file my_file19.cif (mmCIF, N, CA and C atoms)
data_my_file
#
loop_
_atom_site.label_atom_id
_atom_site.label_comp_id
_atom_site.auth_asym_id
_atom_site.auth_seq_id
_atom_site.Cartn_x
_atom_site.Cartn_y
_atom_site.Cartn_z
N MET A 1 30.13 130.61 99.06
CA MET A 1 29.96 129.28 98.49
C MET A 1 29.76 128.29 99.65
N PRO A 2 28.71 127.45 99.60
CA PRO A 2 28.43 126.49 100.68
C PRO A 2 29.57 125.51 100.88
N VAL A 3 29.66 125.03 102.10
CA VAL A 3 30.72 124.10 102.49
C VAL A 3 30.75 122.88 101.58
N TYR A 4 29.58 122.34 101.24
CA TYR A 4 29.53 121.10 100.47
C TYR A 4 30.00 121.29 99.03
N GLU A 5 29.97 122.53 98.53
CA GLU A 5 30.50 122.78 97.20
C GLU A 5 32.00 122.94 97.23
N ARG A 6 32.54 123.41 98.35
CA ARG A 6 33.98 123.65 98.46
C ARG A 6 34.75 122.42 98.91
N THR A 7 34.10 121.51 99.52
CA THR A 7 34.78 120.37 100.12
C THR A 7 34.72 119.15 99.21
N MET A 8 35.85 118.57 98.95
CA MET A 8 35.90 117.36 98.14
C MET A 8 35.44 116.18 98.98
N ILE A 9 34.47 115.46 98.51
CA ILE A 9 34.02 114.28 99.23
C ILE A 9 35.04 113.18 99.01
N LYS A 10 35.57 112.71 100.11
CA LYS A 10 36.58 111.66 100.02
C LYS A 10 35.88 110.31 100.11
N ILE A 11 35.99 109.59 99.07
CA ILE A 11 35.35 108.29 99.01
C ILE A 11 36.38 107.27 98.56
N ILE A 12 36.43 106.21 99.26
CA ILE A 12 37.34 105.14 98.88
C ILE A 12 36.52 104.06 98.19
N ILE A 13 36.97 103.72 97.01
CA ILE A 13 36.27 102.68 96.26
C ILE A 13 37.26 101.54 96.02
N PHE A 14 36.84 100.39 96.33
CA PHE A 14 37.68 99.22 96.10
C PHE A 14 37.02 98.31 95.08
N PHE A 15 37.81 97.82 94.18
CA PHE A 15 37.32 96.82 93.24
C PHE A 15 37.88 95.47 93.68
N PHE A 16 37.00 94.52 93.81
CA PHE A 16 37.44 93.19 94.19
C PHE A 16 37.31 92.29 92.97
N VAL A 17 38.41 91.76 92.55
CA VAL A 17 38.42 90.89 91.38
C VAL A 17 39.02 89.56 91.81
N ILE A 18 38.24 88.50 91.64
CA ILE A 18 38.76 87.19 92.00
C ILE A 18 39.27 86.50 90.74
N LEU A 19 40.54 86.19 90.76
CA LEU A 19 41.18 85.55 89.61
C LEU A 19 42.20 84.55 90.15
N LEU A 20 42.01 83.29 89.86
CA LEU A 20 42.91 82.24 90.31
C LEU A 20 43.15 82.27 91.82
N ASN A 21 42.05 82.43 92.58
CA ASN A 21 42.08 82.43 94.04
C ASN A 21 42.82 83.61 94.66
N TYR A 22 43.05 84.66 93.89
CA TYR A 22 43.66 85.88 94.41
C TYR A 22 42.64 87.00 94.34
N VAL A 23 42.75 87.95 95.25
CA VAL A 23 41.89 89.12 95.21
C VAL A 23 42.74 90.31 94.82
N ASN A 24 42.36 90.97 93.73
CA ASN A 24 43.04 92.18 93.29
C ASN A 24 42.14 93.36 93.58
N ALA A 25 42.62 94.32 94.31
CA ALA A 25 41.81 95.49 94.63
C ALA A 25 42.51 96.73 94.10
N GLY A 26 41.73 97.69 93.67
CA GLY A 26 42.28 98.96 93.21
C GLY A 26 41.63 100.10 93.98
N THR A 27 42.46 100.96 94.55
CA THR A 27 41.93 102.15 95.21
C THR A 27 41.86 103.25 94.17
N LEU A 28 40.71 103.87 94.06
CA LEU A 28 40.48 104.84 93.00
C LEU A 28 40.39 106.26 93.52
N THR A 29 40.63 107.17 92.60
CA THR A 29 40.38 108.58 92.88
C THR A 29 39.18 108.98 92.04
N ILE A 30 38.24 109.60 92.66
CA ILE A 30 37.05 110.05 91.96
C ILE A 30 37.43 111.21 91.06
N SER A 31 37.10 111.14 89.77
CA SER A 31 37.41 112.25 88.87
C SER A 31 36.41 113.38 89.01
N SER A 32 35.19 113.06 89.41
CA SER A 32 34.21 114.11 89.73
C SER A 32 33.16 113.56 90.67
N SER A 33 32.69 114.43 91.56
CA SER A 33 31.58 114.08 92.44
C SER A 33 30.71 115.31 92.60
N THR A 34 29.42 115.11 92.41
CA THR A 34 28.47 116.21 92.51
C THR A 34 27.30 115.76 93.36
N PHE A 35 26.99 116.55 94.38
CA PHE A 35 25.84 116.25 95.22
C PHE A 35 24.77 117.28 94.91
N SER A 36 23.56 116.82 94.66
CA SER A 36 22.49 117.70 94.18
C SER A 36 21.93 118.64 95.24
N LYS A 37 22.20 118.39 96.50
CA LYS A 37 21.69 119.23 97.58
C LYS A 37 22.86 119.73 98.43
N ILE A 38 22.74 120.96 98.94
CA ILE A 38 23.87 121.52 99.68
C ILE A 38 23.54 121.89 101.12
N LYS A 39 22.28 121.88 101.48
CA LYS A 39 21.90 122.25 102.84
C LYS A 39 21.90 121.03 103.75
N THR A 40 22.13 121.28 105.04
CA THR A 40 22.15 120.19 106.00
C THR A 40 20.79 119.50 106.04
N GLY A 41 20.82 118.18 106.14
CA GLY A 41 19.61 117.39 106.28
C GLY A 41 18.83 117.16 105.00
N GLU A 42 19.23 117.77 103.88
CA GLU A 42 18.50 117.58 102.62
C GLU A 42 18.83 116.22 102.01
N ILE A 43 17.87 115.68 101.27
CA ILE A 43 18.06 114.41 100.58
C ILE A 43 18.28 114.71 99.10
N GLY A 44 19.33 114.12 98.54
CA GLY A 44 19.66 114.36 97.14
C GLY A 44 20.39 113.18 96.53
N ASN A 45 20.96 113.41 95.36
CA ASN A 45 21.68 112.37 94.63
C ASN A 45 23.16 112.73 94.55
N LEU A 46 24.01 111.74 94.75
CA LEU A 46 25.45 111.90 94.65
C LEU A 46 25.91 111.23 93.36
N ASP A 47 26.42 112.03 92.42
CA ASP A 47 26.93 111.52 91.14
C ASP A 47 28.45 111.36 91.26
N LEU A 48 28.94 110.15 90.99
CA LEU A 48 30.37 109.85 91.07
C LEU A 48 30.87 109.40 89.71
N ALA A 49 32.01 109.91 89.28
CA ALA A 49 32.64 109.48 88.03
C ALA A 49 34.08 109.08 88.33
N PHE A 50 34.52 107.97 87.76
CA PHE A 50 35.89 107.50 87.96
C PHE A 50 36.29 106.59 86.81
N SER A 51 37.58 106.28 86.73
CA SER A 51 38.08 105.29 85.77
C SER A 51 38.51 104.07 86.57
N THR A 52 38.26 102.89 86.02
CA THR A 52 38.57 101.66 86.73
C THR A 52 40.08 101.48 86.87
N ALA A 53 40.52 100.96 88.01
CA ALA A 53 41.93 100.70 88.27
C ALA A 53 42.32 99.29 87.83
N SER A 54 41.34 98.42 87.74
CA SER A 54 41.56 97.04 87.30
C SER A 54 40.28 96.59 86.60
N THR A 55 40.32 95.42 86.00
CA THR A 55 39.11 94.92 85.35
C THR A 55 38.06 94.60 86.42
N ILE A 56 36.81 94.70 86.03
CA ILE A 56 35.71 94.33 86.92
C ILE A 56 35.00 93.16 86.24
N PRO A 57 35.07 91.97 86.83
CA PRO A 57 34.43 90.81 86.20
C PRO A 57 32.90 90.90 86.29
N GLN A 58 32.24 89.96 85.65
CA GLN A 58 30.78 89.93 85.62
C GLN A 58 30.17 89.80 87.01
N ASP A 59 30.92 89.25 87.96
CA ASP A 59 30.42 89.12 89.33
C ASP A 59 31.21 90.00 90.30
N GLY A 60 31.85 91.06 89.77
CA GLY A 60 32.69 91.94 90.57
C GLY A 60 31.90 92.80 91.54
N LYS A 61 32.61 93.39 92.48
CA LYS A 61 31.99 94.21 93.51
C LYS A 61 32.71 95.55 93.61
N ILE A 62 31.94 96.61 93.80
CA ILE A 62 32.46 97.95 94.05
C ILE A 62 31.99 98.33 95.45
N VAL A 63 32.92 98.76 96.30
CA VAL A 63 32.58 99.13 97.66
C VAL A 63 32.90 100.61 97.85
N ILE A 64 31.89 101.39 98.26
CA ILE A 64 32.04 102.82 98.45
C ILE A 64 31.85 103.12 99.94
N THR A 65 32.81 103.81 100.54
CA THR A 65 32.69 104.22 101.93
C THR A 65 32.46 105.73 101.98
N LEU A 66 31.29 106.12 102.48
CA LEU A 66 30.93 107.53 102.57
C LEU A 66 31.42 108.11 103.89
N PRO A 67 31.69 109.42 103.91
CA PRO A 67 32.09 110.07 105.17
C PRO A 67 30.98 109.96 106.21
N GLY A 68 31.34 110.05 107.48
CA GLY A 68 30.38 110.00 108.56
C GLY A 68 29.34 111.09 108.46
N GLY A 69 28.15 110.81 108.96
CA GLY A 69 27.09 111.81 108.97
C GLY A 69 26.07 111.66 107.87
N PHE A 70 26.44 111.08 106.74
CA PHE A 70 25.48 110.87 105.66
C PHE A 70 24.54 109.73 106.06
N ASP A 71 23.26 109.91 105.80
CA ASP A 71 22.26 108.89 106.13
C ASP A 71 21.96 108.09 104.87
N THR A 72 22.29 106.80 104.89
CA THR A 72 22.11 105.93 103.73
C THR A 72 20.82 105.10 103.79
N THR A 73 19.95 105.39 104.74
CA THR A 73 18.76 104.56 104.99
C THR A 73 17.95 104.29 103.74
N GLY A 74 17.62 105.29 102.94
CA GLY A 74 16.72 105.10 101.81
C GLY A 74 17.40 105.09 100.44
N ILE A 75 18.71 104.84 100.40
CA ILE A 75 19.41 104.98 99.13
C ILE A 75 19.10 103.86 98.14
N THR A 76 19.25 104.21 96.88
CA THR A 76 19.31 103.25 95.78
C THR A 76 20.51 103.65 94.94
N VAL A 77 21.00 102.73 94.13
CA VAL A 77 22.16 103.00 93.28
C VAL A 77 21.79 102.77 91.83
N THR A 78 22.22 103.68 90.98
CA THR A 78 22.01 103.58 89.54
C THR A 78 23.37 103.66 88.85
N ILE A 79 23.60 102.80 87.87
CA ILE A 79 24.80 102.91 87.05
C ILE A 79 24.42 103.78 85.86
N SER A 80 25.02 104.94 85.77
CA SER A 80 24.71 105.88 84.70
C SER A 80 25.41 105.49 83.40
N SER A 81 26.66 105.04 83.50
CA SER A 81 27.39 104.60 82.31
C SER A 81 28.62 103.79 82.72
N GLY A 82 29.11 102.99 81.79
CA GLY A 82 30.35 102.26 81.99
C GLY A 82 30.23 100.83 82.46
N ILE A 83 29.08 100.44 83.02
CA ILE A 83 28.89 99.07 83.49
C ILE A 83 27.54 98.59 82.98
N ASP A 84 27.54 97.44 82.32
CA ASP A 84 26.27 96.87 81.85
C ASP A 84 25.84 95.74 82.77
N GLY A 85 24.66 95.22 82.52
CA GLY A 85 24.13 94.14 83.36
C GLY A 85 23.44 94.71 84.57
N THR A 86 22.96 93.81 85.42
CA THR A 86 22.23 94.22 86.61
C THR A 86 23.16 94.23 87.83
N ILE A 87 22.71 94.95 88.87
CA ILE A 87 23.48 95.05 90.09
C ILE A 87 22.58 94.80 91.30
N ALA A 88 23.20 94.42 92.40
CA ALA A 88 22.51 94.33 93.69
C ALA A 88 23.27 95.26 94.62
N THR A 89 22.53 95.98 95.45
CA THR A 89 23.15 96.94 96.36
C THR A 89 22.87 96.56 97.80
N THR A 90 23.90 96.57 98.63
CA THR A 90 23.73 96.38 100.07
C THR A 90 24.42 97.55 100.77
N LYS A 91 23.98 97.82 101.98
CA LYS A 91 24.61 98.89 102.75
C LYS A 91 24.70 98.51 104.21
N THR A 92 25.80 98.92 104.81
CA THR A 92 26.01 98.74 106.24
C THR A 92 26.64 100.04 106.74
N GLY A 93 25.86 100.83 107.46
CA GLY A 93 26.36 102.12 107.93
C GLY A 93 26.73 103.00 106.76
N GLN A 94 27.99 103.40 106.70
CA GLN A 94 28.48 104.30 105.64
C GLN A 94 29.02 103.54 104.44
N VAL A 95 28.97 102.22 104.46
CA VAL A 95 29.54 101.41 103.39
C VAL A 95 28.43 100.93 102.45
N VAL A 96 28.59 101.25 101.16
CA VAL A 96 27.65 100.84 100.14
C VAL A 96 28.37 99.86 99.21
N ALA A 97 27.85 98.64 99.08
CA ALA A 97 28.45 97.63 98.21
C ALA A 97 27.56 97.41 96.99
N ILE A 98 28.17 97.48 95.82
CA ILE A 98 27.47 97.27 94.55
C ILE A 98 28.04 96.01 93.93
N THR A 99 27.21 94.98 93.79
CA THR A 99 27.67 93.70 93.26
C THR A 99 27.02 93.42 91.92
N ARG A 100 27.86 93.15 90.91
CA ARG A 100 27.35 92.79 89.58
C ARG A 100 26.76 91.38 89.64
N GLN A 101 25.73 91.15 88.82
CA GLN A 101 24.97 89.90 88.91
C GLN A 101 25.27 88.89 87.80
N ASN A 102 26.51 88.88 87.31
CA ASN A 102 26.97 87.86 86.37
C ASN A 102 26.27 87.90 85.01
N ASP A 103 25.69 89.05 84.64
CA ASP A 103 24.97 89.08 83.36
C ASP A 103 25.41 90.21 82.43
N GLY A 104 26.54 90.79 82.67
CA GLY A 104 27.08 91.84 81.79
C GLY A 104 28.45 91.43 81.30
N ASN A 105 29.11 92.34 80.62
CA ASN A 105 30.46 92.11 80.12
C ASN A 105 31.50 92.50 81.16
N GLU A 106 32.67 91.87 81.10
CA GLU A 106 33.77 92.30 81.95
C GLU A 106 34.10 93.75 81.60
N ILE A 107 34.39 94.57 82.61
CA ILE A 107 34.71 95.97 82.39
C ILE A 107 36.23 96.11 82.36
N ALA A 108 36.75 96.74 81.32
CA ALA A 108 38.19 96.85 81.10
C ALA A 108 38.85 97.84 82.05
N VAL A 109 40.17 97.71 82.19
CA VAL A 109 40.97 98.68 82.93
C VAL A 109 40.83 100.04 82.26
N SER A 110 40.75 101.09 83.05
CA SER A 110 40.66 102.48 82.59
C SER A 110 39.32 102.83 81.96
N ALA A 111 38.31 102.00 82.14
CA ALA A 111 36.97 102.33 81.63
C ALA A 111 36.38 103.46 82.48
N SER A 112 35.65 104.35 81.84
CA SER A 112 34.97 105.43 82.56
C SER A 112 33.65 104.92 83.10
N VAL A 113 33.40 105.15 84.38
CA VAL A 113 32.19 104.68 85.04
C VAL A 113 31.53 105.85 85.77
N LYS A 114 30.21 105.89 85.69
CA LYS A 114 29.45 106.89 86.44
C LYS A 114 28.39 106.16 87.25
N ILE A 115 28.38 106.45 88.55
CA ILE A 115 27.44 105.84 89.50
C ILE A 115 26.66 106.95 90.17
N ILE A 116 25.37 106.73 90.40
CA ILE A 116 24.55 107.70 91.12
C ILE A 116 24.01 107.02 92.38
N ILE A 117 24.27 107.62 93.52
CA ILE A 117 23.68 107.17 94.77
C ILE A 117 22.49 108.09 95.02
N ASN A 118 21.30 107.53 94.88
CA ASN A 118 20.05 108.28 94.99
C ASN A 118 19.55 108.31 96.43
N ASN A 119 18.83 109.37 96.78
CA ASN A 119 18.17 109.51 98.09
C ASN A 119 19.13 109.49 99.27
N LEU A 120 20.30 110.06 99.09
CA LEU A 120 21.29 110.15 100.15
C LEU A 120 21.02 111.42 100.96
N LYS A 121 20.99 111.29 102.27
CA LYS A 121 20.68 112.44 103.13
C LYS A 121 21.97 113.07 103.65
N ASN A 122 22.07 114.40 103.44
CA ASN A 122 23.19 115.17 103.94
C ASN A 122 23.28 115.08 105.46
N PRO A 123 24.48 115.24 106.00
CA PRO A 123 24.60 115.31 107.46
C PRO A 123 23.72 116.44 108.01
N THR A 124 23.28 116.29 109.24
CA THR A 124 22.41 117.31 109.84
C THR A 124 23.20 118.42 110.51
N ILE A 125 24.51 118.27 110.60
CA ILE A 125 25.37 119.30 111.16
C ILE A 125 26.28 119.81 110.05
N SER A 126 26.36 121.12 109.85
CA SER A 126 27.20 121.66 108.78
C SER A 126 28.64 121.65 109.19
N GLY A 127 29.51 121.62 108.18
CA GLY A 127 30.95 121.64 108.41
C GLY A 127 31.64 120.85 107.32
N ALA A 128 32.94 120.89 107.35
CA ALA A 128 33.73 120.17 106.35
C ALA A 128 33.57 118.68 106.54
N ILE A 129 33.56 117.94 105.42
CA ILE A 129 33.48 116.49 105.48
C ILE A 129 34.71 115.90 104.86
N GLY A 130 35.14 114.76 105.37
CA GLY A 130 36.28 114.08 104.78
C GLY A 130 37.60 114.52 105.32
#
call {"tool": "encode", "arguments": {"input": "my_file19.cif", "output": "structure tokens"}}
result
Amino acid sequence: MPVYERTMIKIIIFFFVILLNYVNAGTLTISSSTFSKIKTGEIGNLDLAFSTASTIPQDGKIVITLPGGFDTTGITVTISSGIDGTIATTKTGQVVAITRQNDGNEIAVSASVKIIINNLKNPTISGAIG
């Protein structure tokens, strides 16, 4: 079995919720993560599923930190389920920020969300990640 199938990708996701000048963040555990490619250097899609730790307002932000070695140069992000409205995506190194654009509904606590990071390039050196 390839290393990438055996190794759990550790991703930290923070939800930033601004309410009455306070920031509430929730650290989540991914309930499932599937990467479509398993060989070094291949480009594929990373499917992430999780439940929200706190509400996500219409202008909320989700920040995903990927393990070192993944190339985020050409990525796009798709919300598969759980979040409505439009999003804007920014990236800096291994950090991918998904910001809601104030045009959907507030997302409730414990809502199931599925996000797809498209065109993510596997590390070029094989080995355990995370």
call {"tool": "residues_around", "arguments": {"input": "my_file19.cif", "residues": "region 70-84 of chain A", "least_positions_apart": "3", "cutoff": "5 Å", "atoms": "all atoms listed in the file", "output": "PyMOL selection string"}}
result
chain A and resi 67+104+112-119+121-123
call {"tool": "write_last_selection", "arguments": {"input": "my_file19.cif", "atoms": "N, CA and C atoms", "output": "compact mmCIF listing (two decimals), in the coordinates of the input"}}
result
# COMPACT_ATOMS: atom_id res chain seq x y z
N PRO A 67 31.69 109.42 103.91
CA PRO A 67 32.09 110.07 105.17
C PRO A 67 30.98 109.96 106.21
N GLY A 104 26.54 90.79 82.67
CA GLY A 104 27.08 91.84 81.79
C GLY A 104 28.45 91.43 81.30
N SER A 112 35.65 104.35 81.84
CA SER A 112 34.97 105.43 82.56
C SER A 112 33.65 104.92 83.10
N VAL A 113 33.40 105.15 84.38
CA VAL A 113 32.19 104.68 85.04
C VAL A 113 31.53 105.85 85.77
N LYS A 114 30.21 105.89 85.69
CA LYS A 114 29.45 106.89 86.44
C LYS A 114 28.39 106.16 87.25
N ILE A 115 28.38 106.45 88.55
CA ILE A 115 27.44 105.84 89.50
C ILE A 115 26.66 106.95 90.17
N ILE A 116 25.37 106.73 90.40
CA ILE A 116 24.55 107.70 91.12
C ILE A 116 24.01 107.02 92.38
N ILE A 117 24.27 107.62 93.52
CA ILE A 117 23.68 107.17 94.77
C ILE A 117 22.49 108.09 95.02
N ASN A 118 21.30 107.53 94.88
CA ASN A 118 20.05 108.28 94.99
C ASN A 118 19.55 108.31 96.43
N ASN A 119 18.83 109.37 96.78
CA ASN A 119 18.17 109.51 98.09
C ASN A 119 19.13 109.49 99.27
N LYS A 121 20.99 111.29 102.27
CA LYS A 121 20.68 112.44 103.13
C LYS A 121 21.97 113.07 103.65
N ASN A 122 22.07 114.40 103.44
CA ASN A 122 23.19 115.17 103.94
C ASN A 122 23.28 115.08 105.46
N PRO A 123 24.48 115.24 106.00
CA PRO A 123 24.60 115.31 107.46
C PRO A 123 23.72 116.44 108.01
call {"tool": "atom_distance", "arguments": {"input": "my_file19.cif", "atom1": "CA of Phe35 (chain A)", "atom2": "atom C of Lys91 (chain A)"}}
result
19.9 Å
call {"tool": "residues_around", "arguments": {"input": "my_file19.cif", "residues": "Asn105 (chain A)", "least_positions_apart": "5", "cutoff": "8 Å", "atoms": "all atoms listed in the file", "output": "list in words"}}
result
Ile56, Pro57, Gln58, Asp59, Ile83, Asp84, Gly85 and Thr86 of chain A
call {"tool": "atom_distance", "arguments": {"input": "my_file19.cif", "atom1": "atom C of Ile107 (chain A)", "atom2": "CA of Leu46 (chain A)"}}
result
22.7 Å
call {"tool": "select_by_dssp", "arguments": {"input": "my_file19.cif", "residues": "region 53-108 of chain A", "states": "strand (DSSP E)", "output": "list in words"}}
result
Lys61, Ile62, Val63, Ile64, Thr65, Thr76, Val77, Thr78, Ile79, Ser80, Ser81, Ile87, Ala88, Thr89, Thr90, Lys91, Thr92, Val95, Val96, Ala97, Ile98, Thr99 and Arg100 of chain A
call {"tool": "atom_distance", "arguments": {"input": "my_file19.cif", "atom1": "CA of Leu48 (chain A)", "atom2": "CA of Ser32 (chain A)"}}
result
5.9 Å
call {"tool": "resolve_selection", "arguments": {"input": "my_file19.cif", "expression": "the PyMOL selection byres ((chain A and resi 87) around 5)", "output": "PyMOL selection string"}}
result
chain A and resi 85-86+88-89+99-101
call {"tool": "closest_residue", "arguments": {"input": "my_file19.cif", "among": "A:Ala49, A:Leu120, A:Val96, A:Leu66", "to": "Ile30 (chain A)", "atoms": "all atoms listed in the file"}}
result
A:Ala49
